[in-house]
2 protein chains.
Amino acid sequence: MSSPQRTIVVVGGLAAGPSAASKAARTDPHARVILLEQSDAISYGICELPYYVGGTVEADDLVVHTAESLKREKGVDVLLHHRVEEIRTGNRRLLVRDINAGKATEICYDRLILTTGATPRRLGLAGEESVNVFHIRSLDSAHQLRHFIDGMRPRTAVVIGAGFVGVEMAEALRERQIDVTLLERGEMPLPGMTPDARAAMRDVLVKNGVRFCGNESPVALTSQDGKRVTHVLTPGNTYGADVVVVAVGVVPNVALARQAGISIGRHGGILADQWQKTSAHNIYAAGDCCEVRNAVTNAWCYVPLATIASRAGWVAGTNAAGGRARFPGALRATAVKVFDHEAVRIGLSAEEAKLAGFMPITRTVTTPSRVGMMPGASKLTVTLIADRTSGRLLGGTLYGREGAVHRSHALAVALHQHLTVDAFRESDFAYAPTFSPLWDPLLVAANALSRELQSPGRP
Amino acid sequence: MSSPQRTIVVVGGLAAGPSAASKAARTDPHARVILLEQSDAISYGICELPYYVGGTVEADDLVVHTAESLKREKGVDVLLHHRVEEIRTGNRRLLVRDINAGKATEICYDRLILTTGATPRRLGLAGEESVNVFHIRSLDSAHQLRHFIDGMRPRTAVVIGAGFVGVEMAEALRERQIDVTLLERGEMPLPGMTPDARAAMRDVLVKNGVRFCGNESPVALTSQDGKRVTHVLTPGNTYGADVVVVAVGVVPNVALARQAGISIGRHGGILADQWQKTSAHNIYAAGDCCEVRNAVTNAWCYVPLATIASRAGWVAGTNAAGGRARFPGALRATAVKVFDHEAVRIGLSAEEAKLAGFMPITRTVTTPSRVGMMPGASKLTVTLIADRTSGRLLGGTLYGREGAVHRSHALAVALHQHLTVDAFRESDFAYAPTFSPLWDPLLVAANALSRELQSPGRP
């Protein structure tokens, strides 16, 4: 028996979209899968944009799929320059504008997957749309910044926001021999990591020529000619800038979903269940337009990361095409390279744990990354957080010159499984002197935390 | 209420011994803890011996604890040059010979911990005790080899046995500009890893100037002067050698335990339970003299690794001193550096899984170690093994230029928890382009294995 051909339409072509479309086509080879993208490019490495700006990689390297390759390799029909203007849930149609032709048509869907992504958050200051102010989020904006640097040879830059994108952009601009000032409204860069990790990464930034200024929130952008920003003003200071990069987060694109009456969460993202289904019939959603469940707390959170977008897209595509897959929740696992260092956080921070109703206790150890005498050994700092009541592992932060990020994968498995510290520390890790001390830093930290858990009287 | 002072005696000072003694003294600060060692050194980095032979590290670097520092820092009384000749379980006494003084005395114990270690397996060939044939297991033997190399400047070496110690020794000798031939009775080096990992590591050895000869078992050692071996003979070939290193495994030292009537397992090691208690009252054991339970199968196995010795020593020391700790089983997790590559195996191999009654299925993926375009990206190969019936993850092998060993820690957690492949692959791993592809190689392998598990018809 052959069922009638199903039409699955995916709206948005960056990370979750191509993942959803490919997986839908694979799950139901008879389905017609259409991907609509309003810009002229799909499926490029958004996480690699800082490295493109910095000159480490070239534009061609960024492309994962073109419209042609997604058709050829995955069987997905891609319509570029097509913007969805309205979802008509009643008769399952989309009002779609062909931007080049200027005309609107209707496209029917049996299943719809919204992967409309996110938009850089604006400062809301006059001058923010000047030619030398950049909000890096798309290939387009990265091209513009790179061409600006190549053509105008700016000598000074101000990066606003020291989350992981701001930090990566600061490093990229240093690679281009630009004097970089990094402004952060908090005291330290990389919110969400432990205080000592943040202080250590601040030191790494400074050591590598980034002028880091904490507790600074821009209140104005000034320009001489009305076109080009020359200074960033904060309540107490004025920072000269030939170029300004704004990296203060993103906001989910939910206008279409909202128009269709789909439930939106308190973080502003679409609420999709573990099957990535929205509140509307036959409509799925995935990626940076969505909130996700935290795998530790099960609470809704907003975690606009490519890993999560790709996985959620995969789940949405599977289910929209009649398969069955489940999104397991997110750990907010975030890794960042800071010059010659790496840092990673995963699960809950102590503050987040407290807010979620846990009684967090924390232990930090600093050990050699390899057996101390071995060439290449450096310091690795591991912080683990557990709940005093249950002994459950809740999260961790690792940083050092080497061996932080890959080690955090062991924590990922433990956090998804809600393991206690005592269960985690039983793990028999592979060892040789060039890779770690005899007791891996993760185990040293877990042992320290376990002792702390066994002495309830201590603060 | 104060209990009478307990005397805890530890026999053997290499890895498990100092761990057990330190932990015992920490667990019961009132106990008298005595460590007896027949040689003149305790607590040195046995895993670093190849790097000492190769000239990467110096002798002083190897020492973790001296008798003095173990006393000062851990409160353990160390008696060097003291050999235990008999355990008198009836009245809890040891007959101990002071080797320097030549006389025997009795030492009483309340708890005894046997950490008598292992001895290099002999080939059983005439000439094996010649001055230029080395069985590397102790600081002494490593000193002798290094001095032999420094003094005699050998030009050719034959290493017999291509397990991880043989491979490390071959690399160490290459570091000393010696022509190295590595003989292995199997076809490939590194038994226990997957066939393709073994072939790849063979290629790495060959590329770095090691002459690898598989399917070769020495049948004789010949010498011209009766003192110095000049050739290693196999059934079909003759290999000239200025120096010979034998690395064909170790056998547990259980003579004392056997004399005391303690149960010995079929692999020849002491059988200690999960509290590291032996079959004899008040006698614990840990380290390379013991068998351990495999954490995947729960079967006894012999895994003479420093990680396991240290952990088991810790458990024995805790329990002997009145605390409570459990040895969680071993994963046979083994990491090895092979020149500019790393390789690791953990859990069961496909063959071991079959023998243990599982229906193993295997998937191997080769992916970039980082996002392909990023500087430093190389190939990483991951093999995962699962049980078809239950979907349980059973083991894995990873190899490549970077990122193999630390990634295996995530498998360690999964294997201890008896996770299915589907549970493992839900893990949200931290990502940035310099550290891994968007989907980590472990997840790519797990996804491939999961698909395989879902298609029961396929071979």
# chains A, B, ... in the order shown; residues from 1 in each chain; ligands from 1
call {"tool": "residues_around", "arguments": {"residues": "segment 400-405 of chain B", "least_positions_apart": "5", "cutoff": "8 Å", "atoms": "only C-alpha atoms", "output": "MDAnalysis selection string"}}
result
(chainID A and resid 406 430:431 435) or (chainID B and resid 335 340:344 369 378:381)
call {"tool": "select_by_dssp", "arguments": {"residues": "segment 22-218 of chain A", "states": "strand (DSSP E or B)", "output": "ChimeraX atom specification"}}
result
/A:32-36,44,63,76-79,82-88,93-98,103-108,111-114,118-120,133-135,156-160,179-183,191,193,210-213
call {"tool": "residues_around", "arguments": {"residues": "segment 374-376 of chain B", "least_positions_apart": "2", "cutoff": "8 Å", "atoms": "only C-alpha atoms", "output": "MDAnalysis selection string"}}
result
(chainID A and resid 56:57) or (chainID B and resid 370:372 378 433:434)
call {"tool": "closest_atom_pairs", "arguments": {"of": "segment 348-423 of chain A", "to": "segment 183-199 of chain A", "cutoff": "12 Å", "atoms": "only C-alpha atoms", "output": "Markdown table"}}
result
| residue | atom | partner | partner_atom | distance |
| --- | --- | --- | --- | --- |
| A:Leu348 | CA | A:Gly192 | CA | 8.4 |
| A:Ser349 | CA | A:Gly192 | CA | 6.3 |
| A:Ala350 | CA | A:Thr194 | CA | 8.2 |
| A:Glu351 | CA | A:Gly192 | CA | 8.7 |
| A:Glu352 | CA | A:Gly192 | CA | 8.7 |
| A:Ala353 | CA | A:Gly192 | CA | 11.5 |
| A:Thr362 | CA | A:Thr194 | CA | 10.0 |
| A:Arg363 | CA | A:Thr194 | CA | 10.9 |
| A:Thr364 | CA | A:Asp196 | CA | 9.3 |
| A:Val365 | CA | A:Asp196 | CA | 11.2 |
| A:Thr366 | CA | A:Asp196 | CA | 11.1 |
| A:Leu380 | CA | A:Ala197 | CA | 10.6 |
| A:Thr381 | CA | A:Ala197 | CA | 8.1 |
| A:Val382 | CA | A:Ala197 | CA | 9.2 |
| A:Thr383 | CA | A:Thr194 | CA | 7.7 |
| A:Leu384 | CA | A:Thr194 | CA | 9.9 |
| A:Ile385 | CA | A:Thr194 | CA | 10.3 |
| A:Gly395 | CA | A:Met193 | CA | 10.3 |
| A:Gly396 | CA | A:Met193 | CA | 8.4 |
| A:Thr397 | CA | A:Met193 | CA | 6.2 |
| A:Leu398 | CA | A:Ala197 | CA | 7.6 |
| A:Tyr399 | CA | A:Ala197 | CA | 6.6 |
| A:Gly400 | CA | A:Ala197 | CA | 9.0 |
| A:Ala404 | CA | A:Ala197 | CA | 11.7 |
call {"tool": "closest_residue", "arguments": {"among": "A:Pro360, A:Gly287, A:Gly90, A:Pro50", "to": "Phe327 of chain A", "atoms": "only C-alpha atoms"}}
result
A:Gly287
call {"tool": "residues_around", "arguments": {"residues": "segment 97-107 of chain A", "least_positions_apart": "4", "cutoff": "6 Å", "atoms": "only C-alpha atoms", "output": "list in words"}}
result
His81, His82, Arg83 and Arg93 of chain A
call {"tool": "residues_around", "arguments": {"residues": "Thr115 of chain B", "least_positions_apart": "3", "cutoff": "8 Å", "atoms": "only C-alpha atoms", "output": "PyMOL selection string"}}
result
chain B and resi 10-13+16-17+285-289+313
call {"tool": "write_last_selection", "arguments": {"atoms": "C-alpha atoms", "output": "short mmCIF file (atom, residue, chain, number, x, y, z; two decimals), in the first residue's frame"}}
result
data_model
loop_
_atom_site.label_atom_id
_atom_site.label_comp_id
_atom_site.auth_asym_id
_atom_site.auth_seq_id
_atom_site.Cartn_x
_atom_site.Cartn_y
_atom_site.Cartn_z
CA VAL B 10 51.29 -2.92 53.49
CA VAL B 11 53.58 -5.24 51.54
CA GLY B 12 54.95 -3.68 48.36
CA GLY B 13 55.73 -0.07 47.58
CA ALA B 16 48.92 0.20 44.91
CA GLY B 17 51.04 0.06 48.07
CA ALA B 285 45.09 -7.06 48.38
CA ALA B 286 45.31 -4.59 45.50
CA GLY B 287 47.21 -3.85 42.34
CA ASP B 288 48.99 -5.98 39.79
CA CYS B 289 49.04 -9.01 42.11
CA GLY B 313 44.92 0.41 46.70
#
call {"tool": "decode", "arguments": {"residues": "segment 370-387 of chain A", "atoms": "N, CA and C atoms", "output": "short mmCIF file (atom, residue, chain, number, x, y, z; two decimals), in the first residue's frame"}}
result
data_model
loop_
_atom_site.label_atom_id
_atom_site.label_comp_id
_atom_site.auth_asym_id
_atom_site.auth_seq_id
_atom_site.Cartn_x
_atom_site.Cartn_y
_atom_site.Cartn_z
N ARG A 370 48.77 16.85 32.20
CA ARG A 370 49.41 15.55 31.98
C ARG A 370 50.24 15.27 33.23
N VAL A 371 50.89 14.13 33.28
CA VAL A 371 51.84 13.92 34.36
C VAL A 371 52.80 15.11 34.34
N GLY A 372 53.02 15.72 35.50
CA GLY A 372 53.69 17.01 35.59
C GLY A 372 55.01 17.08 34.86
N MET A 373 55.76 15.98 34.86
CA MET A 373 57.10 16.01 34.25
C MET A 373 57.06 15.93 32.73
N MET A 374 55.93 15.55 32.14
CA MET A 374 55.89 15.30 30.71
C MET A 374 55.88 16.61 29.92
N PRO A 375 56.56 16.64 28.79
CA PRO A 375 56.54 17.85 27.96
C PRO A 375 55.10 18.21 27.60
N GLY A 376 54.81 19.48 27.62
CA GLY A 376 53.46 19.92 27.24
C GLY A 376 52.50 20.01 28.41
N ALA A 377 52.91 19.54 29.58
CA ALA A 377 52.01 19.61 30.72
C ALA A 377 51.74 21.07 31.08
N SER A 378 50.50 21.38 31.38
CA SER A 378 50.13 22.73 31.81
C SER A 378 49.07 22.58 32.90
N LYS A 379 48.54 23.67 33.35
CA LYS A 379 47.56 23.59 34.43
C LYS A 379 46.15 23.46 33.87
N LEU A 380 45.39 22.59 34.49
CA LEU A 380 43.98 22.45 34.13
C LEU A 380 43.16 22.65 35.40
N THR A 381 42.15 23.50 35.31
CA THR A 381 41.30 23.75 36.48
C THR A 381 39.91 23.19 36.22
N VAL A 382 39.45 22.42 37.17
CA VAL A 382 38.14 21.77 37.07
C VAL A 382 37.29 22.17 38.26
N THR A 383 36.11 22.67 37.99
CA THR A 383 35.14 22.92 39.05
C THR A 383 33.95 22.01 38.81
N LEU A 384 33.55 21.30 39.84
CA LEU A 384 32.34 20.49 39.74
C LEU A 384 31.34 20.99 40.78
N ILE A 385 30.08 20.89 40.41
CA ILE A 385 28.99 21.37 41.26
C ILE A 385 28.04 20.21 41.50
N ALA A 386 27.65 20.02 42.74
CA ALA A 386 26.71 18.94 43.07
C ALA A 386 25.65 19.46 44.03
N ASP A 387 24.59 18.68 44.13
CA ASP A 387 23.53 19.01 45.08
C ASP A 387 23.83 18.33 46.40
#
